[in-house]
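See structure below.
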Amino acid sequence: MSELIQVEVRDDVTVISLTNPPVNALSQAVCRAVFSAVEDAARADDVCAIIITGAGKTFSGGADISEFGSLQQSTSDSEFPIHSMINGIENCSKPVIAAIHGNALGGGLETAIGCHYRIAVADARVGFPEVNLGLIPGAMGTQRLPRLCGLPKAAEICASGEMIPARVAHELGIIDRITDGDLLDDAHEYARELVGMGDAPRKTSEITDRLGDIAENAIALEQLRKVVSKRARGQESPFRCIEAVEAAGQGSFEDGSQNEFRIFAECLQSTQSQGLIHAFFGERAVSKVPGITKDTPRRPVDSAAVIGAGTMGGGITMAYVNAGIPVIIKEVSQEQLEKGIERIRQTYGISVKRGRMAEADVDRKMTMITGTTDYARISDADIIVEAAFEGMDLKKQIFGELDRIAKPGAILASNTSTLDIDAIAAVTGRPESVIGHHFFSPANVMKLLEMVRGKETADDVIATSMDLAKRLRKVGVLVGNCFGFVGNRMFWPYQREAQFVLEEGATVAQVDNAHLQFGMAMGPHAVSDLSGIDVFWRINQEIKDTIPIGMRQPLVSDRLYELGHYGQKIGAGWYRYEGRNAIPDPEVQQLIESCAAEAGIARRDVSDEEIIERTMFSMANEGALILQEGIAMRSVDIDIVYLYGYGFPAWRGGPMKYADTVGLKKVYDRICYYREAHGFWWEPAPLLRELAESGGTFSGWSAS
Ligand code: COA
């Protein structure tokens with residue numbers, strides 16, 4: 001018996017349990033073990049049926065993703081043990097029943113629908129999340145699923161990657177029976193019934209009555225393609241899923257399976273799947289902080305205070321309240337406090353209108369929010385999050401007050417997006433309790449929480465913060481202290497080059513469109529308008545003295561600020577706004593041209609390719625400096641910051657992974673080229689040069 005599975009014969013039924021924690025991933029070894037256990041059970045005279053289930057909390061999270069790299073060279077589906085296992089199950093002469101709890105995802109669901117019958121507990125979920133990894137189901141899932149639930153639905157399930165509750169899967173015909181009782185007991189009873197009635201094994205691959213009509217399927221799939229092109233801009237795998245499912249209705253099961261394997265192999269080779277798999281493991285890797293273990297002490301966080309009831313303070317308050325942690329908000333005046341709390345109620349109201357929240361939930365959440373204008377009232381909070389305007393003097397004054405009133409052991413967090421956390425901590429007598437918690441707007445929605453470790457921040461404060469990020473349903477990334485930390489420090493060169501290319505001849509719309517084509521959620525100028533050109537101006541004031549005299553500086557954004565073009569909130573920024581519609585503004589274009597003329601910058605055609613190189617490569621170069629300075633622990637930390645905080649397309653894996661994909665030698669050469677053309681800002685980072693020369697990658701690099 002393999003330790004990756006457990007086999008038990010209960011009465012005359014063999015139960016094969018996957019025992020590959022934490023998610024019973026179907027590694028090649030697991031598949032081989034299951035295959036051989038099914039063959040043994042088929043041969044055993046005293047066994048009349050087989051149950052396949054998962055030990056622990058789940059059925060199976062699918063094929064083992066960590067093995068995909070080594071599968072890239074495979075050219076035939078016969079090299080995949082998961083194929084042999086599933087075909088072995090389906091061809092077994094005795095009924096095989098999948099007993100599902102937790103999740104049956106990807107290869108887990110393919111295994112379940114390769115079984116002859118399926119029983120699931122009501123709160124189980126099934127789905128094909130491969131699309132989120134840039135892949136399609138590759139173990140005949142695209143061919144068996146439509147035979148159970150029809151082609152259009154199967155295509156939708158594969159292309160969306162959605163997890164489907166067992167009850168819905170039952171209605172769709174994917175699950176045969178739902179149980180509210182004990183899963184294994186009921187699976188046994190089901191097996192007995194089937195054997196008692198003499199029901200032969202039912203092969204999903206031989207079902208044809210639900211495959212529908214080719215012409216009708218084509219119409220439904222065309223519709224789905226339209227929906228998908230809006231939802232998954234630039235991503236290939238949803239379309240490849242539809243293509244694979246479509247073939248199920250056009251030919252034999254075998255032909256469809258071969259077609260599926262060809263598409264799967266192509267997807268596996270794609271840079272998109274490499275980017276998405278990098279993101280999948282990256283999201284999990286960032287939660288692991290060297291030196292912080294499950295034994296590191298934690299501080300209790302049962303109550304919070306938030307300083308400031310503005311947009312950020314309100315969003316942060318909602319994030320806490322949504323996680324069940326009551327908040328007291330401190331504002332300077334009663335009027336601002338009431339306005340802020342009212343804005344929170346209105347935001348919840350929008351969720352009610354959209355049917356995402358019940359009115360009663362809003363009332364309950366609002367009772368968890370109180371307000372004060374008096375620092376003394378927040379002295380009992382376990383954590384205090386400062387969300388005031390970005391300005392060092394103000395932050396220092398607030399942290400001085402917090403040090404005076406906060407109870408011993410309270411965590412003092414600053415939502416600063418750029419400022420020196422050590423300078424803020426230094427005004428307190430407890431710098432070990434101070435940490436940066438940089439939320440992204442809207443803070444109740446955006447998943448990133450960039451956490452900034454000061455030089456004295458204690459381990460228990462870091463450990464508590466990492467746990468807290470999960471409670472707040474955020475992806476927490478721990479970074480070091482420097483101006484702008486990881487996210488905004490790299491955003492600076494990105495924004496700078498986005499403006500320089502305007503001065504040299506590109507238009508605002510061209511720059512933004514090039515970035516949308518690249519896959520960014522928004523173009524750089526649309527982002528400035530949304531965040532507020534006044535906000536950028538204020539941050540610029542903090543750093544302008546640190547920039548060496550004579551360095552080229554963007555010319556236009558300060559002029560926009562002086563003209564009152566603060567961005568979307570006042571209807572004018574880089575664009576003019578009609579509601580939320582951004583319209584290119586000829587006056588802004590004129591301003592750009594006159595700024596360029598005054599500075600003697602000759603205008604020329606700037607290609608989209610140059611625009612993307614200038615923003616992306618300057619960012620990667622800054623990322624290399626951040627890595628070599630130890631501000632980020634690993635390049636994947638930088639990538640995750642960008643995927644979850646800055647709308648970077650997940651299928652590119654993040655800015656550092658993108659540079660790896662382009663090839664660091666090419667990135668380095670182009671940076672040297674731009675240095676010749678544009679000077680100092682383009683000085684290549686020593687780490688980039690080193691990796692380019694040695695043929696290395698950022699993902700493969702580690703500090704030690
Ligand atoms: N293959 C390999 N490892 C997997 C895996 C898979 N299919 N699914 C999860 N894991 C690993 C994770 O990397 C993580 O490892 P770590 O603890 O070393 O960081 C661990 O299992 C737990 O995963 P996590 O996501 O933290 O647990 P969860 O309970 O929050 O979620 C799942 C469980 C299954 C819902 C989630 O992991 C998931 O969506 N997995 C991918 C499913 C998938 O895409 N399957 C198709 C593969 S083609």
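Each chain of the structure tokens is named A, B, ... in the order shown, its residues numbered from 1; ligands are numbered from 1 in display order.
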Mind dumping a table of every chain A residue within 8 Å of ligand 1, with the nearest atom pair and its distance in Å to one decimal, using only C-alpha atoms and all ligand atoms, sorted by chain and rising number, as CSV?
residue,atom,partner,partner_atom_place_in_ligand_line,distance
A:Pro21,CA,ligand 1,21 (O),7.7
A:Pro22,CA,ligand 1,21 (O),5.4
A:Val23,CA,ligand 1,21 (O),5.6
A:Asn24,CA,ligand 1,5 (C),8.0
A:Ala25,CA,ligand 1,1 (N),5.1
A:Leu26,CA,ligand 1,7 (N),7.3
A:Ser27,CA,ligand 1,1 (N),7.7
A:Ser60,CA,ligand 1,34 (C),7.1
A:Gly61,CA,ligand 1,34 (C),4.0
A:Gly62,CA,ligand 1,45 (N),4.3
A:Ala63,CA,ligand 1,47 (C),4.7
A:Asp64,CA,ligand 1,1 (N),3.5
A:Ile65,CA,ligand 1,1 (N),4.0
A:Ser66,CA,ligand 1,2 (C),5.3
A:Glu67,CA,ligand 1,2 (C),7.8
A:Asn103,CA,ligand 1,34 (C),6.7
A:Leu105,CA,ligand 1,45 (N),5.4
A:Gly106,CA,ligand 1,46 (C),4.0
A:Gly107,CA,ligand 1,46 (C),6.1
A:Gly108,CA,ligand 1,45 (N),7.7
A:Phe128,CA,ligand 1,46 (C),6.6
A:Pro129,CA,ligand 1,44 (O),4.6
A:Glu130,CA,ligand 1,48 (S),4.8
A:Val131,CA,ligand 1,44 (O),7.9
A:Asn132,CA,ligand 1,44 (O),6.9
A:Leu133,CA,ligand 1,44 (O),6.5
A:Leu135,CA,ligand 1,48 (S),7.3
A:Ile136,CA,ligand 1,48 (S),7.8
A:Pro137,CA,ligand 1,48 (S),6.6
A:Gly138,CA,ligand 1,48 (S),7.7
A:Phe280,CA,ligand 1,13 (O),7.3
A:Phe281,CA,ligand 1,13 (O),5.6
A:Arg284,CA,ligand 1,19 (O),4.7
A:Ala285,CA,ligand 1,19 (O),6.1
For range 417-455 of chain A against range 388-396 of chain A, with a cut-off of 7 Å and counting only C-alpha atoms, what is the closest atom pair and its distance in Å to one decimal for every residue that makes the cut, ordered by chain and number, as CSV?
residue,atom,partner,partner_atom,distance
A:Leu419,CA,A:Met392,CA,6.9
A:Ile424,CA,A:Lys396,CA,5.5
A:Val427,CA,A:Lys396,CA,6.3
*asked:* I need the residues of range 289-331 of chain A that end up classed as helix (DSSP H, G or I) by DSSP on the backbone, written out as a PyMOL selection string.
replied: chain A and resi 311-322
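Using only C-alpha atoms, the shortest contact distance between Trp574 in chain A and any of A:Gly600, A:Gly141, A:Pro524, A:Gly623 is found at A:Pro524.
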Env of Cys267 in chain A: 12 Å cut, atoms = only C-alpha atoms, seq-sep filter 5 positions within chain, self excluded. Answer as a compact mmCIF listing (two decimals) with C-alpha atoms, in the first residue's frame.
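As a result, part31.txt now contains:
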# COMPACT_ATOMS: atom_id res chain seq x y z
CA PHE A 68 3.82 20.90 -14.65
CA LEU A 71 5.65 17.80 -18.10
CA GLN A 72 6.36 20.53 -20.62
CA GLU A 130 -7.14 25.43 -14.84
CA VAL A 131 -8.14 28.51 -16.82
CA ASN A 132 -6.76 30.63 -13.95
CA LEU A 133 -3.41 28.97 -14.54
CA GLY A 134 -3.49 29.72 -18.26
CA LEU A 135 -4.44 26.11 -19.02
CA ILE A 136 -7.42 24.01 -19.98
CA PRO A 137 -8.51 20.81 -18.24
CA GLY A 138 -6.07 18.31 -19.74
CA GLN A 235 -6.00 36.12 -21.67
CA GLU A 236 -5.92 33.17 -24.05
CA SER A 237 -6.89 30.18 -21.91
CA PRO A 238 -10.66 30.90 -21.63
CA PHE A 239 -10.90 30.80 -25.43
CA ARG A 240 -8.83 27.65 -25.60
CA CYS A 241 -11.23 26.03 -23.09
CA ALA A 244 -11.67 22.23 -26.60
CA GLU A 260 -7.81 18.62 -25.89
CA PHE A 261 -4.35 17.22 -25.24
CA ARG A 262 -2.88 19.22 -28.15
CA GLN A 272 0.72 33.13 -20.04
CA SER A 273 0.48 29.86 -18.12
CA GLN A 274 4.02 30.32 -16.81
CA GLY A 275 3.00 33.78 -15.57
CA LEU A 276 -0.21 32.55 -13.95
CA ILE A 277 1.43 29.54 -12.29
CA TRP A 651 -1.01 36.30 -17.00
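Taking CA of Met366 in chain A and CA of Met446 in chain A as endpoints, the distance between them is 20.8 Å.
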*Please provide the set of residues having any atom within 12 Å of range 122-125 of chain A, restricted to only C-alpha atoms, with same-chain residues fewer than 3 positions apart removed, written as a ChimeraX atom specification.*
/A:57-61,99-106,108-109,118-119,128-129,161-170,174-183
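Interatomic distance, CA of Ser17 in chain A to CA of Thr53 in chain A: 4.8 Å.
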_I'd like the neighbourhood of Tyr566 in chain A as an NGL selection string, where a residue qualifies if any of its atoms comes within 8 Å (using only C-alpha atoms), though same-chain residues fewer than 4 positions away should be ignored._
:A and (529 or 532-534 or 560-561 or 570 or 572-573)
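Proximity ranking of A:Asp209, A:Asp382, A:Glu683, A:Glu189 relative to Cys149 in chain A places A:Asp209 first, based on only C-alpha atoms.
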*Tell me which protein, DNA and RNA residues are within 10 Å of Ala376 in chain A, counting only C-alpha atoms, leaving out same-chain ones fewer than 2 positions away, and put them as a PyMOL selection string.*
chain A and resi 330+372-374+378-380+401-402+404-406
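Considering only C-alpha atoms, the residue among A:Arg43, A:Arg652, A:Lys94, A:Arg471 positioned nearest to Arg202 in chain A is A:Lys94.
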*Find the residues near Arg614 in chain A: any atom within 8 Å, counting only C-alpha atoms, skip ones fewer than 6 places away on the same chain, and give them as number ranges by chain.*
A: 494, 497-498
